[in-house]
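Structure file input.txt with compact mmCIF, C-alpha atoms and all ligand atoms:
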# COMPACT_ATOMS: atom_id res chain seq x y z
CA MET J 274 9.76 -48.87 -31.26
CA LYS J 275 13.05 -49.21 -29.38
CA SER J 276 16.54 -48.46 -30.59
CA GLY J 277 19.51 -50.65 -30.08
CA ASP J 278 20.42 -49.47 -26.54
CA ASP J 279 16.82 -49.80 -25.25
CA GLN J 280 16.13 -46.09 -25.54
CA PRO J 281 12.78 -45.08 -27.00
CA LEU J 282 13.08 -43.65 -30.49
CA TRP J 283 11.87 -40.22 -29.42
CA ARG J 284 14.79 -40.02 -26.96
CA GLU J 285 17.26 -40.48 -29.75
CA GLU J 286 15.58 -37.78 -31.79
CA PHE J 287 15.26 -35.42 -28.80
CA SER J 288 18.51 -36.09 -27.09
CA VAL J 289 17.58 -34.46 -23.79
CA ARG J 290 18.55 -36.54 -20.80
CA LYS J 291 16.85 -36.36 -17.45
CA ALA J 292 19.93 -34.77 -15.89
CA ASP J 293 20.01 -32.21 -18.69
CA GLU J 294 16.33 -31.43 -18.14
CA ASN J 295 17.03 -30.65 -14.48
CA TYR J 296 19.98 -28.54 -15.47
CA VAL J 297 17.82 -26.58 -17.92
CA SER J 298 15.13 -26.11 -15.25
CA ARG J 299 17.67 -24.80 -12.77
CA ARG J 300 19.10 -22.51 -15.39
CA GLN J 301 15.62 -21.27 -16.28
CA LEU J 302 14.84 -20.72 -12.61
CA THR J 303 18.07 -18.80 -12.16
CA LYS J 304 17.27 -16.73 -15.23
CA PHE J 305 13.75 -16.09 -13.95
CA LEU J 306 15.01 -15.04 -10.50
CA THR J 307 17.67 -12.83 -12.04
CA LEU J 308 15.18 -11.11 -14.34
CA THR J 309 12.65 -10.73 -11.53
CA SER J 310 15.28 -9.22 -9.24
CA LEU J 311 16.39 -6.91 -12.02
CA GLY J 312 12.78 -5.88 -12.64
CA MET J 313 12.25 -5.15 -8.95
CA PHE J 314 15.49 -3.19 -8.79
CA VAL J 315 14.51 -1.09 -11.80
CA GLY J 316 11.01 -0.59 -10.32
CA ASN J 317 12.48 0.63 -7.03
CA LEU J 318 14.80 3.00 -8.88
CA TRP J 319 11.80 4.36 -10.79
CA ILE J 320 9.81 4.92 -7.56
CA LEU J 321 12.83 6.55 -5.92
CA GLY J 322 13.31 8.85 -8.91
CA LYS J 323 9.63 9.74 -9.02
CA ASN J 324 9.59 10.60 -5.29
CA TRP J 325 12.74 12.64 -5.68
CA MET J 326 11.21 14.58 -8.57
CA ASN J 327 7.98 15.14 -6.62
CA LYS J 328 9.94 16.65 -3.75
CA ASP J 329 11.10 19.33 -6.13
CA ALA J 330 7.64 19.72 -7.65
CA THR J 331 6.53 23.27 -8.02
CA PHE J 332 3.04 24.15 -6.93
CA PRO J 333 0.75 26.67 -8.57
CA VAL J 334 0.20 29.92 -6.72
CA ARG J 335 -3.53 30.50 -6.81
CA ALA J 336 -6.08 32.74 -5.12
CA ILE J 337 -8.66 30.52 -3.44
CA ALA J 338 -10.84 32.99 -1.53
CA ARG J 339 -11.29 36.60 -0.55
CA LEU J 340 -10.78 37.50 3.11
CA GLY J 341 -14.15 37.51 4.82
CA GLU J 342 -15.79 35.62 1.97
CA ILE J 343 -16.99 32.87 4.31
CA PRO J 344 -18.33 33.30 7.86
CA VAL J 345 -16.40 32.05 10.90
CA GLY J 346 -16.88 28.29 11.27
CA SER J 347 -17.69 27.85 7.58
CA VAL J 348 -16.00 25.98 4.78
CA LYS J 349 -15.17 26.65 1.18
CA LEU J 350 -14.20 23.78 -1.11
CA PHE J 351 -11.56 24.31 -3.76
CA GLU J 352 -9.20 22.29 -5.92
CA TYR J 353 -5.46 22.40 -5.35
CA PRO J 354 -2.86 21.80 -6.69
CA GLY J 355 -4.51 19.91 -9.56
CA PRO J 356 -8.06 20.17 -10.89
CA LYS J 357 -9.11 16.90 -9.20
CA ASP J 358 -7.40 17.50 -5.84
CA GLN J 359 -10.24 18.49 -3.54
CA CYS J 360 -9.31 20.67 -0.58
CA LEU J 361 -11.23 22.55 2.05
CA LEU J 362 -10.68 25.97 3.51
CA VAL J 363 -12.00 26.57 7.04
CA ARG J 364 -12.32 29.97 8.66
CA THR J 365 -11.50 29.07 12.24
CA SER J 366 -11.82 32.57 13.73
CA GLU J 367 -12.37 36.16 12.66
CA ASP J 368 -8.80 36.39 11.43
CA SER J 369 -7.54 32.85 10.81
CA TYR J 370 -7.96 30.30 8.06
CA VAL J 371 -6.63 26.78 7.53
CA ALA J 372 -6.77 24.56 4.48
CA TYR J 373 -6.21 20.84 4.01
CA SER J 374 -6.53 18.18 1.39
CA GLN J 375 -9.98 16.69 1.62
CA LYS J 376 -8.67 13.20 0.92
CA CYS J 377 -8.49 11.06 4.06
CA THR J 378 -5.05 9.55 4.55
CA HIS J 379 -6.59 6.18 5.38
CA LEU J 380 -8.54 5.09 2.31
CA SER J 381 -9.15 8.40 0.56
CA CYS J 382 -12.73 9.16 1.56
CA ALA J 383 -13.61 12.85 1.63
CA VAL J 384 -13.27 14.46 5.04
CA TYR J 385 -15.59 17.27 6.14
CA TYR J 386 -15.48 19.94 8.80
CA SER J 387 -17.58 19.42 11.90
CA ALA J 388 -18.18 22.88 13.36
CA LYS J 389 -19.79 21.29 16.41
CA GLU J 390 -16.67 19.26 17.25
CA ASN J 391 -14.27 21.74 15.61
CA ARG J 392 -12.40 18.97 13.81
CA LEU J 393 -12.19 17.32 10.42
CA GLU J 394 -14.06 14.04 10.24
CA CYS J 395 -13.97 11.14 7.85
CA PRO J 396 -17.34 9.37 7.71
CA CYS J 397 -15.96 6.09 6.33
CA HIS J 398 -14.24 4.76 9.46
CA GLN J 399 -14.60 7.62 11.94
CA GLY J 400 -11.13 9.01 11.39
CA TYR J 401 -10.84 12.43 13.05
CA PHE J 402 -8.21 15.09 12.37
CA SER J 403 -7.25 18.20 14.30
CA ILE J 404 -8.37 21.45 12.68
CA ARG J 405 -5.29 23.11 14.19
CA ASP J 406 -2.62 21.08 12.37
CA GLY J 407 -4.31 18.17 10.56
CA SER J 408 -2.91 15.57 12.97
CA VAL J 409 -4.84 12.36 13.61
CA LEU J 410 -7.07 12.52 16.69
CA GLN J 411 -8.80 9.17 16.35
CA GLY J 412 -9.40 6.26 14.03
CA PRO J 413 -7.43 4.19 11.55
CA PRO J 414 -5.52 6.94 9.68
CA THR J 415 -1.86 6.95 10.62
CA ARG J 416 -0.81 10.07 8.72
CA PRO J 417 -2.02 13.64 9.14
CA LEU J 418 -3.89 15.44 6.40
CA PRO J 419 -1.63 17.26 3.93
CA ARG J 420 -1.91 20.97 4.57
CA VAL J 421 -2.32 23.70 2.00
CA VAL J 422 0.06 26.53 2.86
CA LEU J 423 -1.76 29.85 2.63
CA GLU J 424 -0.56 33.42 2.26
CA ARG J 425 -2.48 36.67 2.44
CA ARG J 426 -1.97 39.08 -0.38
CA GLY J 427 -4.11 42.15 -0.10
CA SER J 428 -7.65 40.98 0.39
CA GLU J 429 -7.03 37.50 -1.00
CA LEU J 430 -6.01 34.15 0.40
CA ILE J 431 -3.46 32.48 -1.80
CA ALA J 432 -2.56 28.78 -1.87
CA VAL J 433 1.18 28.54 -2.43
CA ARG J 434 2.04 24.88 -1.87
CA MET J 435 1.13 21.56 -0.24
CA GLN J 436 2.91 20.56 2.92
CA ASP J 437 3.09 16.92 3.94
CA GLN J 438 2.85 16.83 7.69
CA PRO J 439 5.25 14.91 9.91
CA GLU J 440 3.58 11.86 11.40
CA GLY J 441 2.47 12.39 14.95
S1 LIG H 1 -11.12 6.35 4.80
FE1 LIG H 1 -11.06 7.85 6.32
S2 LIG H 1 -10.99 6.75 8.14
FE2 LIG H 1 -10.99 5.24 6.63
Structure encoded using structure tokens:
Amino acid sequence: MKSGDDQPLWREEFSVRKADENYVSRRQLTKFLTLTSLGMFVGNLWILGKNWMNKDATFPVRAIARLGEIPVGSVKLFEYPGPKDQCLLVRTSEDSYVAYSQKCTHLSCAVYYSAKENRLECPCHQGYFSIRDGSVLQGPPTRPLPRVVLERRGSELIAVRMQDQPEG
């Protein structure tokens, strides 16, 4: 049924004109973009704040091994700083030890110590890390392994903090 000015009846009852519909769509798009931008801005602030707080994170001070507990060229696994953060301690000589996170910086596979090659190796994509400083020797990882800073106290090796390594 048509009204007097050849408009369908529904148009009279819903008096939204085509131009108005476009205007509403543009306004909705603007609102959507504004809210999305605001959401991204708030998300970035949250990530920034979280990173800032992590920089000041305190690490537990924990004995991880006794001196001489493992032979030269051997490994002891331990968890640090949290209960699910696997790390490995390597006795590299009679009197020196190093410890790193066991999580590969590429896609998080567990790295292991190759005594034959004297390096840390990731079996997933052949990523190799230096036992000396955790730097990348080969493969897809771009970041070195995070190092566990150790101290000697009496006859014990103590983990005191994690140290993110500068990229090489
Ligand atoms: S996960 Fe270690 S090299 Fe890819």
Centre and edges of the ligand LIG 1 (chain H) box, axis-aligned, 6 Å extra per side, as lines of an AutoDock Vina configuration file:
center_x = -11.1
center_y = 6.5
center_z = 6.5
size_x = 12.1
size_y = 14.6
size_z = 15.3
Provide the CA of Val421 (chain J) to CA of Leu340 (chain J) distance in Å, to one decimal place. 16.2 Å
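Look at Val348 (chain J): the protein and nucleic acid residues within 10 Å of it, using all atoms listed in the file and passing over chain neighbours fewer than 2 places away, are Ile343, Pro344, Val345, Gly346, Leu350, Phe351, Leu361, Leu362, Val363, Arg364, Thr365, Tyr370, Val371, Ala372, Tyr385, Tyr386, Ser387 and Ala388 of chain J.
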Ligand LIG 1 (chain H) neighbours within 9 Å using only C-alpha atoms and all ligand atoms, as a PyMOL selection string: chain J and resi 376-384+394-401+411-414
Please return, as a short mmCIF file (atom, residue, chain, number, x, y, z; two decimals) with C-alpha atoms, keeping the file's coordinate frame, all polymer residues that have at least one atom within 10 Å of the point (-3.2, 28.4, -0.6); use only C-alpha atoms and the file's own coordinate frame.
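Once everything was written out, this is part01.cif:
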data_model
loop_
_atom_site.label_atom_id
_atom_site.label_comp_id
_atom_site.auth_asym_id
_atom_site.auth_seq_id
_atom_site.Cartn_x
_atom_site.Cartn_y
_atom_site.Cartn_z
CA PHE J 332 3.04 24.15 -6.93
CA PRO J 333 0.75 26.67 -8.57
CA VAL J 334 0.20 29.92 -6.72
CA ARG J 335 -3.53 30.50 -6.81
CA ALA J 336 -6.08 32.74 -5.12
CA ILE J 337 -8.66 30.52 -3.44
CA ALA J 338 -10.84 32.99 -1.53
CA PHE J 351 -11.56 24.31 -3.76
CA TYR J 353 -5.46 22.40 -5.35
CA PRO J 354 -2.86 21.80 -6.69
CA CYS J 360 -9.31 20.67 -0.58
CA LEU J 362 -10.68 25.97 3.51
CA VAL J 371 -6.63 26.78 7.53
CA ALA J 372 -6.77 24.56 4.48
CA TYR J 373 -6.21 20.84 4.01
CA ARG J 420 -1.91 20.97 4.57
CA VAL J 421 -2.32 23.70 2.00
CA VAL J 422 0.06 26.53 2.86
CA LEU J 423 -1.76 29.85 2.63
CA GLU J 424 -0.56 33.42 2.26
CA ARG J 425 -2.48 36.67 2.44
CA GLU J 429 -7.03 37.50 -1.00
CA LEU J 430 -6.01 34.15 0.40
CA ILE J 431 -3.46 32.48 -1.80
CA ALA J 432 -2.56 28.78 -1.87
CA VAL J 433 1.18 28.54 -2.43
CA ARG J 434 2.04 24.88 -1.87
CA MET J 435 1.13 21.56 -0.24
#
Provide the CA of Gln359 (chain J) to CA of Trp325 (chain J) distance in Å, to one decimal place. 23.8 Å
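When CA of Leu418 (chain J) is paired with CA of Phe402 (chain J), their separation reads 7.4 Å.
For the set J:Thr309, J:Lys389, J:Ser366, J:Thr331, the residue with the smallest atom-to-atom gap to Arg405 (chain J) is J:Ser366, counting all atoms listed in the file.
Near Asp358 (chain J), within a cut-off of 8 Å and counting all atoms listed in the file, sit the residues Glu352, Tyr353, Ser374 and Gln375 of chain J, with same-chain residues fewer than 5 positions away left out.
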Find the spatial neighbours of Ser408 (chain J), counting only C-alpha atoms, within a cut-off of 7 Å - ignore same-chain residues fewer than 2 positions away - and output them as a list of chain:residue names. J:Phe402, J:Ser403, J:Asp406, J:Leu410, J:Pro417, J:Leu418, J:Gly441
